[in-house]
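Peer 1: Contents of final-v4.csv (CSV, C-alpha atoms) are given next:
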```
chain,number,residue,atom,x,y,z
A,23,MET,CA,-10.8,3.6,2.6
A,24,GLY,CA,-7.4,2.2,1.6
A,25,GLN,CA,-4.0,2.6,3.2
A,26,GLU,CA,-1.7,5.2,1.8
A,27,SER,CA,1.8,4.1,1.1
A,28,ASP,CA,4.7,6.1,2.5
A,29,SER,CA,7.2,4.1,0.6
A,30,ALA,CA,9.4,5.8,-2.0
A,31,PRO,CA,9.4,4.4,-5.6
A,32,LYS,CA,11.8,1.5,-6.1
A,33,ILE,CA,14.9,2.9,-7.9
A,34,VAL,CA,17.5,0.5,-9.4
A,35,THR,CA,20.7,2.0,-10.8
A,36,GLY,CA,23.1,0.4,-13.2
A,37,GLU,CA,26.0,1.1,-15.5
A,38,PHE,CA,26.3,4.2,-17.7
A,39,GLY,CA,23.6,6.2,-15.9
A,40,TYR,CA,20.9,3.5,-16.3
A,41,THR,CA,18.1,4.1,-13.8
A,42,LEU,CA,15.1,1.8,-13.5
A,43,GLU,CA,12.0,3.3,-11.8
A,44,ASP,CA,10.3,0.1,-10.7
A,45,VAL,CA,6.8,-0.5,-9.6
A,46,PRO,CA,5.7,-2.4,-6.5
A,47,HIS,CA,5.2,-6.2,-7.1
A,48,LEU,CA,3.2,-8.8,-5.2
A,49,SER,CA,6.4,-10.5,-4.3
A,50,ASP,CA,7.5,-7.4,-2.4
A,51,TYR,CA,4.7,-7.9,0.1
A,52,ILE,CA,4.2,-11.7,0.1
A,53,SER,CA,7.4,-13.7,0.5
A,54,HIS,CA,7.7,-17.1,-1.2
A,55,LEU,CA,4.8,-16.3,-3.5
A,56,PRO,CA,4.1,-19.4,-5.7
A,57,THR,CA,4.1,-19.1,-9.5
A,58,TYR,CA,2.4,-21.1,-12.2
A,59,PRO,CA,3.1,-21.6,-15.9
A,60,ASN,CA,1.4,-19.0,-18.0
A,61,PRO,CA,-1.7,-20.6,-19.8
A,62,LEU,CA,-0.7,-18.9,-23.0
A,63,GLN,CA,2.2,-21.3,-23.3
A,64,ASP,CA,-0.3,-24.1,-24.2
A,65,ASN,CA,-2.3,-21.9,-26.5
A,66,PRO,CA,-1.6,-22.8,-30.2
A,67,ALA,CA,-2.1,-19.2,-31.3
A,68,TYR,CA,0.9,-18.1,-29.2
A,69,SER,CA,3.1,-21.2,-29.4
A,70,ALA,CA,4.7,-20.3,-32.7
A,71,VAL,CA,6.0,-17.0,-31.4
A,72,ARG,CA,9.1,-17.9,-29.3
A,73,GLN,CA,9.7,-14.4,-28.0
A,74,TYR,CA,6.1,-13.5,-27.2
A,75,PHE,CA,6.7,-13.4,-23.4
A,76,VAL,CA,8.4,-10.3,-21.9
A,77,ASP,CA,11.7,-11.0,-20.1
A,78,LEU,CA,12.2,-9.7,-16.6
A,79,GLY,CA,15.1,-7.5,-17.8
A,80,ASP,CA,13.1,-5.8,-20.6
A,81,THR,CA,12.6,-2.1,-20.0
A,82,VAL,CA,11.3,0.9,-21.9
A,83,ALA,CA,13.3,4.2,-22.0
A,84,GLN,CA,11.6,7.3,-20.8
A,85,LYS,CA,13.3,9.5,-23.5
A,86,ILE,CA,13.6,8.1,-26.9
A,87,VAL,CA,16.0,10.7,-28.3
A,88,VAL,CA,19.3,11.2,-26.4
A,89,HIS,CA,22.7,12.6,-27.2
A,90,LYS,CA,25.5,10.1,-27.5
A,91,ASP,CA,27.3,11.6,-24.5
A,92,MET,CA,24.2,11.5,-22.3
A,93,PRO,CA,23.7,8.8,-19.6
A,94,ARG,CA,21.2,6.1,-20.5
A,95,GLY,CA,18.5,7.8,-18.3
A,96,THR,CA,15.3,6.5,-16.7
A,97,HIS,CA,13.7,3.3,-17.8
A,98,PHE,CA,10.4,1.6,-16.8
A,99,ARG,CA,9.3,-2.1,-16.7
A,100,ARG,CA,8.0,-3.3,-20.0
A,101,ALA,CA,4.4,-4.4,-19.9
A,102,GLY,CA,3.2,-7.7,-21.4
A,103,PRO,CA,2.7,-11.4,-20.6
A,104,ARG,CA,5.3,-13.2,-18.5
A,105,GLN,CA,6.2,-16.9,-18.6
A,106,ARG,CA,5.1,-17.3,-15.0
A,107,VAL,CA,1.8,-16.0,-13.4
A,108,TYR,CA,0.9,-15.7,-9.8
A,109,PHE,CA,-2.7,-17.1,-9.8
A,110,GLU,CA,-4.2,-20.2,-11.3
A,111,SER,CA,-7.0,-19.6,-13.8
A,112,ASP,CA,-9.5,-21.6,-11.8
A,113,ASP,CA,-8.9,-19.4,-8.7
A,114,VAL,CA,-9.3,-16.0,-10.5
A,115,HIS,CA,-12.5,-14.0,-10.2
A,116,ALA,CA,-12.2,-10.9,-12.3
A,117,CYS,CA,-14.4,-7.8,-12.0
A,118,ILE,CA,-14.7,-4.9,-14.5
A,119,VAL,CA,-16.0,-1.7,-13.0
A,120,THR,CA,-17.3,1.2,-15.2
A,121,CYS,CA,-18.2,4.6,-13.7
A,122,GLY,CA,-21.1,5.6,-15.9
A,123,GLY,CA,-21.2,8.1,-18.7
A,124,LEU,CA,-20.7,7.6,-22.4
A,125,CYS,CA,-17.4,6.7,-23.7
A,126,PRO,CA,-17.0,5.6,-27.4
A,127,GLY,CA,-15.4,2.2,-27.7
A,128,LEU,CA,-15.8,1.3,-24.0
A,129,ASN,CA,-18.0,-1.8,-24.9
A,130,THR,CA,-15.3,-3.0,-27.2
A,131,VAL,CA,-12.6,-2.6,-24.6
A,132,ILE,CA,-14.7,-4.5,-22.0
A,133,ARG,CA,-15.5,-7.3,-24.6
A,134,GLU,CA,-11.7,-7.7,-25.4
A,135,ILE,CA,-10.9,-7.9,-21.6
A,136,VAL,CA,-13.6,-10.6,-21.0
A,137,CYS,CA,-12.7,-12.6,-24.2
A,138,GLY,CA,-9.0,-12.4,-23.4
A,139,LEU,CA,-9.4,-13.6,-19.8
A,140,HIS,CA,-11.8,-16.4,-20.8
A,141,HIS,CA,-10.2,-17.7,-24.1
A,142,MET,CA,-6.5,-16.9,-23.5
A,143,TYR,CA,-6.2,-17.4,-19.7
A,144,GLY,CA,-9.1,-19.8,-19.0
A,145,VAL,CA,-10.7,-17.5,-16.4
A,146,LYS,CA,-14.3,-18.7,-15.9
A,147,SER,CA,-15.7,-15.9,-13.6
A,148,VAL,CA,-15.8,-12.4,-14.9
A,149,LEU,CA,-18.3,-9.9,-13.3
A,150,GLY,CA,-19.4,-6.5,-14.4
A,151,ILE,CA,-20.3,-3.6,-12.1
A,152,ASP,CA,-21.9,-0.4,-13.4
```
Show me, as structure tokens, the structure contained in the file I just sent.

Peer 2:
Amino acid sequence: MGQESDSAPKIVTGEFGYTLEDVPHLSDYISHLPTYPNPLQDNPAYSAVRQYFVDLGDTVAQKIVVHKDMPRGTHFRRAGPRQRVYFESDDVHACIVTCGGLCPGLNTVIREIVCGLHHMYGVKSVLGID
């Protein structure tokens, strides 16, 4: 089926015991990957919020409660929209796959994904597979 990755997780260390357990990124595999402005920048619903986009340096701590003498510990990348995206909306073809069975709220989740892609990002092609 797919290729298994033998690569270890990306670990970045910093001051005071800070450790970032990073995830693979498209730019790790495709050098000189072009970026485009996020379509949300032109959306009037999001233009009023200046800090809506997640900064590259934003992280989330694995442990919330720590002792004052402990190192900062492990952090992860913060999820959320970035100012730059890697695909133009006209080139995106999204597909949502469900694996059968009943799951309360699944239709609502699918609807929100489709509406978000279409209305917020301008994606015109969204397919569903059951």

Peer 1: May I ask which of the residues A:Gln73, A:Ser53, A:Thr41, A:Thr35 is the closest one to Gln105 of chain A, counting all atoms listed in the file?

Peer 2: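 Closest to Gln105 of chain A of all the choices is A:Gln73.
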
Peer 1: Counting only C-alpha atoms, which of A:Leu62, A:Val45, A:Val76, A:Leu128 gets nearest to Lys32 of chain A?

Peer 2: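 Nearest candidate to Lys32 of chain A out of A:Leu62, A:Val45, A:Val76, A:Leu128: A:Val45.
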
Peer 1: Would you mind listing what lies within 8 Å of Ile118 of chain A as a ChimeraX atom specification, with all atoms listed in the file counted and same-chain residues fewer than 3 positions away left out?

Peer 2: /A:132,148-151

Peer 1: By how many Å are atom CA of Ile33 of chain A and atom CA of His54 of chain A apart?

Peer 2: 22.3 Å

Peer 1: Can you tell me how far atom CA of Gly102 of chain A sits from atom CA of Tyr51 of chain A, in Å to one decimal?

Peer 2: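 Atom CA of Gly102 of chain A sits 21.6 Å away from atom CA of Tyr51 of chain A.
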
Peer 1: Near Ser111 of chain A, counting only C-alpha atoms, which residues have an atom at most 10 Å away, once you skip same-chain residues fewer than 3 positions from it, shown as a list of chain:residue names?

Peer 2: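 Listing them by chain and then by number gives A:Tyr58, A:Asn60, A:Pro61, A:Val107, A:Tyr108, A:Val114, A:His115, A:Leu139, A:His140, A:Tyr143, A:Gly144, A:Val145, A:Lys146, A:Ser147.
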
Peer 1: Counting all atoms listed in the file, which residue out of A:Pro66, A:Pro59, A:Gly79, A:Gly127 sits closest to Asp44 of chain A?

Peer 2: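 Looking only at the distances to Asp44 of chain A, the closest residue turns out to be A:Gly79.
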
Peer 1: I'd like the interatomic distance between atom CA of Asp50 of chain A and atom CA of Ala30 of chain A, to a tenth of an Å.

Peer 2: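 These two atoms are separated by 13.3 Å.
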
Peer 1: Excluding Asn129 of chain A and residues on its chain fewer than 4 positions from it, collect all residues at most 12 Å away from it, counting only C-alpha atoms, and give them as a VMD selection string.

Peer 2: chain A and resid 118 120 124 to 125 133 to 136 150
